[in-house]
Amino acid sequence: MHKVTSGMSEHMFRALVEQSFVGVYIIQDDRFRYVNPQFVTIFGYAEPDEIIDRLPISALVSDQDTEMVRKKVLLRASTQVMEMRHRFLAKRKDGSHFHVEVHGSHSTYNNEPAVIGVVIDITAQILAEEHIRERDNKIRTLFSESVVGILSWDAQGYIRDANPVCREILGLTNDDFAGRGLPWQAITPLEYHEICTEHIAQTMARGRGTPIQKEYINRVTGEHIPVLVNGVRYKDQDCVGISFVLDLRKTQHIQNERDLFASMVESAPAPMFVQDVQGRFVYLNKAGRAKGERFGGLLGKTEFDYMTPESAARVASDRERIIKTGEVEQYEEEIWYQLFPDPFYFRTTKWPLNDAKGQAVGVVGVVIDLGVQKKAQVELARSTNLVNAVFENMPDLILLREVGGQIVSCNNAFSKASGLTVADLTGKMAQDVLPKSTWESLTHYDQHVLSTGTPHLYQCTISLGKKNAPYLITLVPIFDERGQASVLCSIMQNQEEIRQVQAEREARILAEYQAMHDPLTGLPNRKLLFDRLEQYRLQAQRDGQSFVVCFLDLNRFKRVNDVYGHEAGDQLLKVLAERMPQCLRSSDTIARIGGDEFVVLLRGDPQSDELVTVINRLYDAVAEPIPLPQATVTVSCSIGYAVYPRDGTTATELLSHADKRMYEHKASDESVRAMPGNFDSLQ
C-alpha cells in the first residue's frame with residue numbers, strides 16, 4: 001500500500017482499508033497485487049492469498065465483460081484515463097454472477113504503474129432500480145391502458161393531462177393541455193359547476209372526495225356524457241389531484257359506485273387495507289393479503305399481534321390521530337416485526353374511513369415497500385463516503401478546478417501543503433489564492449488537455465506554503481454527463497518526498513534482511529531459522545505430515561583456521577554457503593547458526609529416497625576440494641537429525657535431539673553416509 005502523508009500514519013490508513021466495508025484492490029500487469037478482506041468476501045474466497053499474485057482479472061469478471069474491464073484497466077494504468085467509474089457483471093469463486101461498481105484510479109505499486117480502486121457489490125441496487133422501473137411502468141400502464149378515464153389537475157382547477165380513455169370520452173387533444181391546461185369548467189355543464197366546486201374543495205381538504213354523478217361535455221361533438229366521478233389528492237410536482245371518470249354509458253353492468261371502486265382497489269398493485277377503530281384489519285386487497293401471508297394472515301389482527309411493542313404503539317397512535325383529525329397523512333416509516341431481526345421501510349398513506357353519516361369507522365391505508373430502495377441508498381451513500389475518504393486521504397496533492405478557473409475542491413494533502421483550508425480555496429479563483437508561479441504552472445497545459453481530451457503528464461517546480469519543490473503533475477480532464485470537459489484535476493506528486501520514501505523503504509528492507517541473515521555467508525541466521533521452523537511445524541501439524549531437522553558440523557575446519565588463518569576459514573565457509581543450497585529443494589531451508597555449524601530443514605518423509613538423496617548431495621558438496629588462496633583443502637561433515645513429531649514438537653526439542661545425534665556421529669569418527677532407503681544410518 002502507498003505511504004500516507006496527509007495526517008494519518010501508514011498503519012492507520014492500512015487498518016482503515018483492511019476494515020472497510022467495500023473491496024479495495026491494486027492491479028498491476030493483469031494481476032491483483034493487493035486485495036483487502038472485504039474484496040475477498042465479496043468474491044467468495046477464503047483469504048487474500050487465493051487471489052493475490054495468483055488470479056488474473058478475467059477470473060473475477062464474467063465472460064461478456066472481461067474485454068471491457070481489461071481495456072479500462074489498461075487505460076488507467078497507462079495514465080490515459082486517471083480515474084474511472086464503471087459497472088460490470090462479476091464472477092464469484094463458485095461461478096455465480098453478481099453486479100459490481102468499480103471506482104479506480106491510476107497509481108504506482110513498487111514504482112511501477114498500477115491501478116488502485118474500490119469495488120462495491122451493487123446487486124441490491126440494480127434490483128432496486130429494476131423494481132422502481134417496474135413500478136413506474138405499472139403506473140404508466142395504469143394511466144395509459146386503464147378502462148377507466150383518468151384526469152390530473154392542479155390547485156387552480158386546470159386539467160393538466162388525461163389518459164386515452166378520458167380523451168376519447170371528452171374529445172380532448174394535446175392542444176387542450178398546452179400552457180396552463182384546460183379549465184374544468186370548459187368540460188362541465190353550468191348546472192354542475194356548484195357541485196363540482198364543492199367536490200374539488202372536499203378532495204383538497206380531506207384527501208379524497210365523495211363520488212358524484214354528473215355530466216361532461218364532449219369538446220368535439222358537444223354531446224353530454226353521463227359519468228361517475230371521484231377524486232383523490234395526489235402531490236406530484238404541479239399536479240395535486242386525480243379524478244377517476246366512469247362513462248356510465250358503458251358500465252350499466254356495474255350496480256353502483258362501490259362495486260367499481262372496490263374492483264379498482266382489489267386489483268391495485270400496492271397493498272391496501274382497512275382497519276376498524278380498534279385497529280383490527282377488516283379488509284386487505286389482493287396485494288395486501290399476499291404481504292400478510294408472511295405473518296400468518298392479518299385479517300382480524302391488530303398491530304400488536306405481529307409488530308414489536310414499540311412499533312405497534314407508534315402505529316396505533318398514528319391511527320387514532322388520523323381518526324380524530326380526519327386528515328390524510330403520508331410519511332416514510334421504519335417498522336420492526338416480531339419474526340424478523342431487521343427493520344422494514346415503507347411509504348404509507350392513511351386517511352379516515354367514514355360511514356354514510358360521516359362518522360369515522362376506521363382507517364384506510366396504502367403501503368409502498370421502500371426496503372430495496374433504502375438499502376440501495378445506504379450502499380450508494382457508503383460508496384460515496386468511501387470514495388470521498390480515499391480522495392481526502394490520498395498522499396498525492398489533488399486540486400479540482402472548473403474550466404473557467406474556479407476551484408471546486410482539494411484534498412487534505414493539498415490543504416496541508418498550501419497552508420490553506422478547503423473553505424479558503426473552494427469557490428475562489430485559483431489566481432486569487434495561489435502564488436502566481438504556482439497558478440501559471442498548474443494552468444500551463446490546460447488548453448492542450450481540453451483540446452485533446454486526454455491527460456497530460458509533466459514536471460515543474462511549484463511553490464506551496466512558502467516552500468519550493470519539484471512535482472510530477474498529471475492533469476486530467478473530467479467530463480460531465482454531456483461528454484464535455486467541465487473540471488480539470490491536477491494530481492501532484494512531490495518528487496523529493498517520493499525519493500525520501502524510496503530511500504527509507506530501501507533502508508528498511510536492508511535492515512530487515514540484515515536482521516535475518518548471516519553477515520558472512522548471506523544464509524538465514526538463527527532468528528530466521530526459528531521463524532521458518534515454526535512455519536514448518538504449523539503446516540506439518542495442519543496436514544498431519546513430518547519434516548526433518550538436520551544439524552550439520554564441519555570436520556577439520558579448526559585445522560584450516562589454525563594452519564591458514566581465519567580469513568581462509570571465512571573463505572571456506574563462503575564457498576560451502578554457495579554449494580550447499582544448490583543441493584536442496586526449493587521447499588527446504590539451510591541456515592548458519594554460528595562458527596562451522598549449520599541447520600537444514602527438509603520437508604517430507606524421512607524414509608523417502610528423495611530426502612536421502614538430498615543428504616548425500618550435501619555430503620558430496622562439503623567433501624569436494626575447496627580452492628583457497630594459500631592451498632586447496634578438503635573437509636567433511638557430521639550430520640545429526642531429528643524428525644517431527646517423533647523426536648519432538650518444539651524447536652528446542654528438535655534442535656537438541658539433532659545436535660545430540662550429530663555429536664554421536666562425530667564421536668564415532670566414521671565416514672558414514674546415508675544410503676538410499678537408510679536415512680537412519682545418519683545416527
# chains A, B, ... in the order shown; residues from 1 in each chain; ligands from 1
$ residues_around --residues "segment 559-561 of chain A" --least-positions-apart "3" --cutoff "9 Å" --atoms "only C-alpha atoms" --output "list in words"
Asn555, Arg556, Tyr564, Gly565, His566, Glu567, Ala568, Gly569, Asp570, Leu572, Val633 and Val635 of chain A
$ select_by_dssp --residues "segment 426-664 of chain A" --states "alpha helix (DSSP H)" --output "PyMOL selection string"
chain A and resi 430-433+436-443+446-452+495-516+526-543+557-564+566-579+609-623+651-664
$ residues_around --residues "Leu533 of chain A" --least-positions-apart "3" --cutoff "9 Å" --atoms "only C-alpha atoms" --output "number ranges by chain"
A: 528-530, 536-538, 549, 601, 650-651
$ write_last_selection --atoms "N, CA and C atoms" --output "PDB file, in the first residue's frame"
ATOM      1  N   LEU A 528      15.918 -16.162  11.748  1.00  0.00           N
ATOM      2  CA  LEU A 528      15.086 -16.575  10.619  1.00  0.00           C
ATOM      3  C   LEU A 528      14.863 -18.084  10.638  1.00  0.00           C
ATOM      4  N   LEU A 529      15.876 -18.852  11.109  1.00  0.00           N
ATOM      5  CA  LEU A 529      15.717 -20.304  11.199  1.00  0.00           C
ATOM      6  C   LEU A 529      14.542 -20.657  12.105  1.00  0.00           C
ATOM      7  N   PHE A 530      14.472 -20.030  13.280  1.00  0.00           N
ATOM      8  CA  PHE A 530      13.376 -20.342  14.204  1.00  0.00           C
ATOM      9  C   PHE A 530      12.021 -19.949  13.608  1.00  0.00           C
ATOM     10  N   TYR A 536       7.227 -24.524   9.392  1.00  0.00           N
ATOM     11  CA  TYR A 536       7.229 -25.953   9.065  1.00  0.00           C
ATOM     12  C   TYR A 536       6.343 -26.718  10.047  1.00  0.00           C
ATOM     13  N   ARG A 537       6.484 -26.366  11.341  1.00  0.00           N
ATOM     14  CA  ARG A 537       5.727 -27.082  12.368  1.00  0.00           C
ATOM     15  C   ARG A 537       4.218 -26.887  12.207  1.00  0.00           C
ATOM     16  N   LEU A 538       3.798 -25.654  11.951  1.00  0.00           N
ATOM     17  CA  LEU A 538       2.366 -25.369  11.811  1.00  0.00           C
ATOM     18  C   LEU A 538       1.774 -26.092  10.604  1.00  0.00           C
ATOM     19  N   VAL A 549      14.823 -32.102  10.823  1.00  0.00           N
ATOM     20  CA  VAL A 549      15.768 -31.061  11.211  1.00  0.00           C
ATOM     21  C   VAL A 549      17.161 -31.697  11.261  1.00  0.00           C
ATOM     22  N   LEU A 601      16.512 -27.709   7.186  1.00  0.00           N
ATOM     23  CA  LEU A 601      15.117 -28.134   7.367  1.00  0.00           C
ATOM     24  C   LEU A 601      14.641 -28.769   6.076  1.00  0.00           C
ATOM     25  N   THR A 650       8.686 -29.141  19.533  1.00  0.00           N
ATOM     26  CA  THR A 650       9.086 -27.735  19.613  1.00  0.00           C
ATOM     27  C   THR A 650      10.444 -27.566  18.964  1.00  0.00           C
ATOM     28  N   ALA A 651      10.789 -26.333  18.633  1.00  0.00           N
ATOM     29  CA  ALA A 651      12.079 -26.057  18.003  1.00  0.00           C
ATOM     30  C   ALA A 651      13.227 -26.470  18.914  1.00  0.00           C
TER      31      ALA A 651
END
$ atom_distance --atom1 "atom CA of Ala503 of chain A" --atom2 "atom CA of Val73 of chain A"
29.3 Å
$ select_by_dssp --residues "segment 453-618 of chain A" --states "strand (DSSP E)" --output "PyMOL selection string"
chain A and resi 456-464+467-479+485-494+547-555+589-594+597-603
$ residues_around --residues "Asp247 of chain A" --least-positions-apart "6" --cutoff "9 Å" --atoms "only C-alpha atoms" --output "PyMOL selection string"
chain A and resi 148-149+166+169+225-228
$ write_last_selection --atoms "N, CA, C and O atoms" --output "mmCIF file, in the first residue's frame"
data_model
loop_
_atom_site.group_PDB
_atom_site.id
_atom_site.type_symbol
_atom_site.label_atom_id
_atom_site.label_comp_id
_atom_site.auth_asym_id
_atom_site.auth_seq_id
_atom_site.Cartn_x
_atom_site.Cartn_y
_atom_site.Cartn_z
ATOM 1 N N VAL A 148 -60.790 2.845 -17.221
ATOM 2 C CA VAL A 148 -61.444 3.967 -16.552
ATOM 3 C C VAL A 148 -60.748 5.259 -16.967
ATOM 4 O O VAL A 148 -59.526 5.316 -17.083
ATOM 5 N N GLY A 149 -61.496 6.312 -17.209
ATOM 6 C CA GLY A 149 -60.904 7.594 -17.549
ATOM 7 C C GLY A 149 -60.193 8.210 -16.353
ATOM 8 O O GLY A 149 -60.673 8.117 -15.226
ATOM 9 N N CYS A 166 -60.128 8.782 -21.207
ATOM 10 C CA CYS A 166 -60.788 10.055 -20.895
ATOM 11 C C CYS A 166 -60.718 11.006 -22.088
ATOM 12 O O CYS A 166 -61.652 11.785 -22.336
ATOM 13 N N ILE A 169 -63.570 10.013 -24.316
ATOM 14 C CA ILE A 169 -64.880 10.392 -23.772
ATOM 15 C C ILE A 169 -65.152 11.874 -24.012
ATOM 16 O O ILE A 169 -66.254 12.271 -24.420
ATOM 17 N N ILE A 225 -72.160 13.709 -21.681
ATOM 18 C CA ILE A 225 -71.839 12.321 -21.352
ATOM 19 C C ILE A 225 -72.118 12.092 -19.875
ATOM 20 O O ILE A 225 -71.531 12.767 -19.012
ATOM 21 N N PRO A 226 -73.015 11.143 -19.510
ATOM 22 C CA PRO A 226 -73.230 10.829 -18.092
ATOM 23 C C PRO A 226 -72.010 10.083 -17.534
ATOM 24 O O PRO A 226 -71.540 9.102 -18.121
ATOM 25 N N VAL A 227 -71.505 10.565 -16.402
ATOM 26 C CA VAL A 227 -70.302 9.966 -15.823
ATOM 27 C C VAL A 227 -70.447 9.878 -14.315
ATOM 28 O O VAL A 227 -71.258 10.591 -13.703
ATOM 29 N N LEU A 228 -69.633 8.971 -13.728
ATOM 30 C CA LEU A 228 -69.476 8.887 -12.286
ATOM 31 C C LEU A 228 -68.039 9.302 -11.990
ATOM 32 O O LEU A 228 -67.096 8.749 -12.551
#
$ closest_atom_pairs --of "segment 417-518 of chain A" --to "segment 407-410 of chain A" --cutoff "10 Å" --atoms "only C-alpha atoms" --output "Markdown table"
| residue | atom | partner | partner_atom | distance |
| --- | --- | --- | --- | --- |
| A:Thr421 | CA | A:Cys410 | CA | 9.0 |
| A:Val422 | CA | A:Cys410 | CA | 6.4 |
| A:Ala423 | CA | A:Ser409 | CA | 8.8 |
| A:Leu425 | CA | A:Ile407 | CA | 6.4 |
| A:Thr426 | CA | A:Ile407 | CA | 5.3 |
| A:Gly427 | CA | A:Ile407 | CA | 5.4 |
| A:Lys428 | CA | A:Ile407 | CA | 5.6 |
| A:Met429 | CA | A:Ile407 | CA | 6.0 |
| A:Ala430 | CA | A:Ile407 | CA | 6.0 |
| A:Gln431 | CA | A:Ile407 | CA | 9.7 |
| A:Val433 | CA | A:Ile407 | CA | 9.7 |
| A:Val487 | CA | A:Val408 | CA | 8.2 |
| A:Leu488 | CA | A:Val408 | CA | 9.4 |
| A:Cys489 | CA | A:Cys410 | CA | 9.4 |
| A:Ser490 | CA | A:Cys410 | CA | 9.5 |
$ residues_around --residues "Val364 of chain A" --least-positions-apart "4" --cutoff "8 Å" --atoms "only C-alpha atoms" --output "mmCIF file with N, CA and C atoms, in the first residue's frame"
data_model
loop_
_atom_site.group_PDB
_atom_site.id
_atom_site.type_symbol
_atom_site.label_atom_id
_atom_site.label_comp_id
_atom_site.auth_asym_id
_atom_site.auth_seq_id
_atom_site.Cartn_x
_atom_site.Cartn_y
_atom_site.Cartn_z
ATOM 1 N N MET A 272 -53.246 -2.475 0.049
ATOM 2 C CA MET A 272 -54.207 -1.547 0.638
ATOM 3 C C MET A 272 -54.966 -2.284 1.736
ATOM 4 N N PHE A 273 -55.349 -1.552 2.785
ATOM 5 C CA PHE A 273 -56.003 -2.198 3.918
ATOM 6 C C PHE A 273 -57.024 -1.252 4.538
ATOM 7 N N VAL A 274 -57.919 -1.838 5.323
ATOM 8 C CA VAL A 274 -58.882 -1.086 6.126
ATOM 9 C C VAL A 274 -58.827 -1.655 7.542
ATOM 10 N N GLN A 275 -58.657 -0.758 8.536
ATOM 11 C CA GLN A 275 -58.703 -1.134 9.947
ATOM 12 C C GLN A 275 -59.899 -0.460 10.601
ATOM 13 N N LYS A 350 -52.398 7.187 4.744
ATOM 14 C CA LYS A 350 -53.576 6.763 5.501
ATOM 15 C C LYS A 350 -54.590 7.905 5.556
ATOM 16 N N TRP A 351 -55.864 7.532 5.562
ATOM 17 C CA TRP A 351 -56.922 8.527 5.725
ATOM 18 C C TRP A 351 -58.118 7.867 6.429
ATOM 19 N N PRO A 352 -58.979 8.667 7.078
ATOM 20 C CA PRO A 352 -60.098 8.087 7.830
ATOM 21 C C PRO A 352 -61.176 7.532 6.899
ATOM 22 N N LEU A 353 -61.838 6.482 7.342
ATOM 23 C CA LEU A 353 -62.972 5.897 6.617
ATOM 24 C C LEU A 353 -64.244 6.256 7.379
#
$ closest_residue --among "A:Ser20, A:Ser415, A:Ser668, A:Ser486" --to "Gly465 of chain A" --atoms "only C-alpha atoms"
A:Ser415
$ atom_distance --atom1 "atom CA of Arg532 of chain A" --atom2 "atom CA of Glu512 of chain A"
15.3 Å
$ closest_residue --among "A:Met580, A:Gly604, A:Ala59, A:Ile478" --to "Val449 of chain A" --atoms "only C-alpha atoms"
A:Ile478
$ residues_around --residues "Asp94 of chain A" --least-positions-apart "6" --cutoff "10 Å" --atoms "only C-alpha atoms" --output "PyMOL selection string"
chain A and resi 43-45
$ write_last_selection --atoms "all heavy atoms" --output "JSON list (two decimals), in the first residue's frame"
[["chain", "number", "residue", "atom", "x", "y", "z"],
["A", 43, "PHE", "N", -16.09, -11.64, -3.39],
["A", 43, "PHE", "CA", -15.92, -12.58, -4.49],
["A", 43, "PHE", "C", -15.92, -14.04, -4.03],
["A", 43, "PHE", "O", -15.62, -14.94, -4.83],
["A", 43, "PHE", "CB", -14.64, -12.27, -5.27],
["A", 43, "PHE", "CG", -14.76, -11.05, -6.13],
["A", 43, "PHE", "CD1", -14.46, -9.78, -5.63],
["A", 43, "PHE", "CD2", -15.22, -11.15, -7.43],
["A", 43, "PHE", "CE1", -14.58, -8.66, -6.42],
["A", 43, "PHE", "CE2", -15.34, -10.02, -8.23],
["A", 43, "PHE", "CZ", -15.02, -8.78, -7.71],
["A", 44, "GLY", "N", -16.26, -14.31, -2.75],
["A", 44, "GLY", "CA", -16.47, -15.67, -2.31],
["A", 44, "GLY", "C", -15.22, -16.47, -2.04],
["A", 44, "GLY", "O", -15.27, -17.71, -2.07],
["A", 45, "TYR", "N", -14.09, -15.81, -1.77],
["A", 45, "TYR", "CA", -12.87, -16.54, -1.46],
["A", 45, "TYR", "C", -12.64, -16.54, 0.05],
["A", 45, "TYR", "O", -13.26, -15.77, 0.80],
["A", 45, "TYR", "CB", -11.68, -15.91, -2.20],
["A", 45, "TYR", "CG", -11.71, -16.17, -3.68],
["A", 45, "TYR", "CD1", -12.49, -15.37, -4.53],
["A", 45, "TYR", "CD2", -11.00, -17.22, -4.24],
["A", 45, "TYR", "CE1", -12.53, -15.61, -5.90],
["A", 45, "TYR", "CE2", -11.04, -17.47, -5.62],
["A", 45, "TYR", "CZ", -11.81, -16.66, -6.44],
["A", 45, "TYR", "OH", -11.85, -16.90, -7.78]]
$ closest_residue --among "A:Arg321, A:Arg505, A:Arg526, A:Arg280" --to "Leu655 of chain A" --atoms "only C-alpha atoms"
A:Arg526
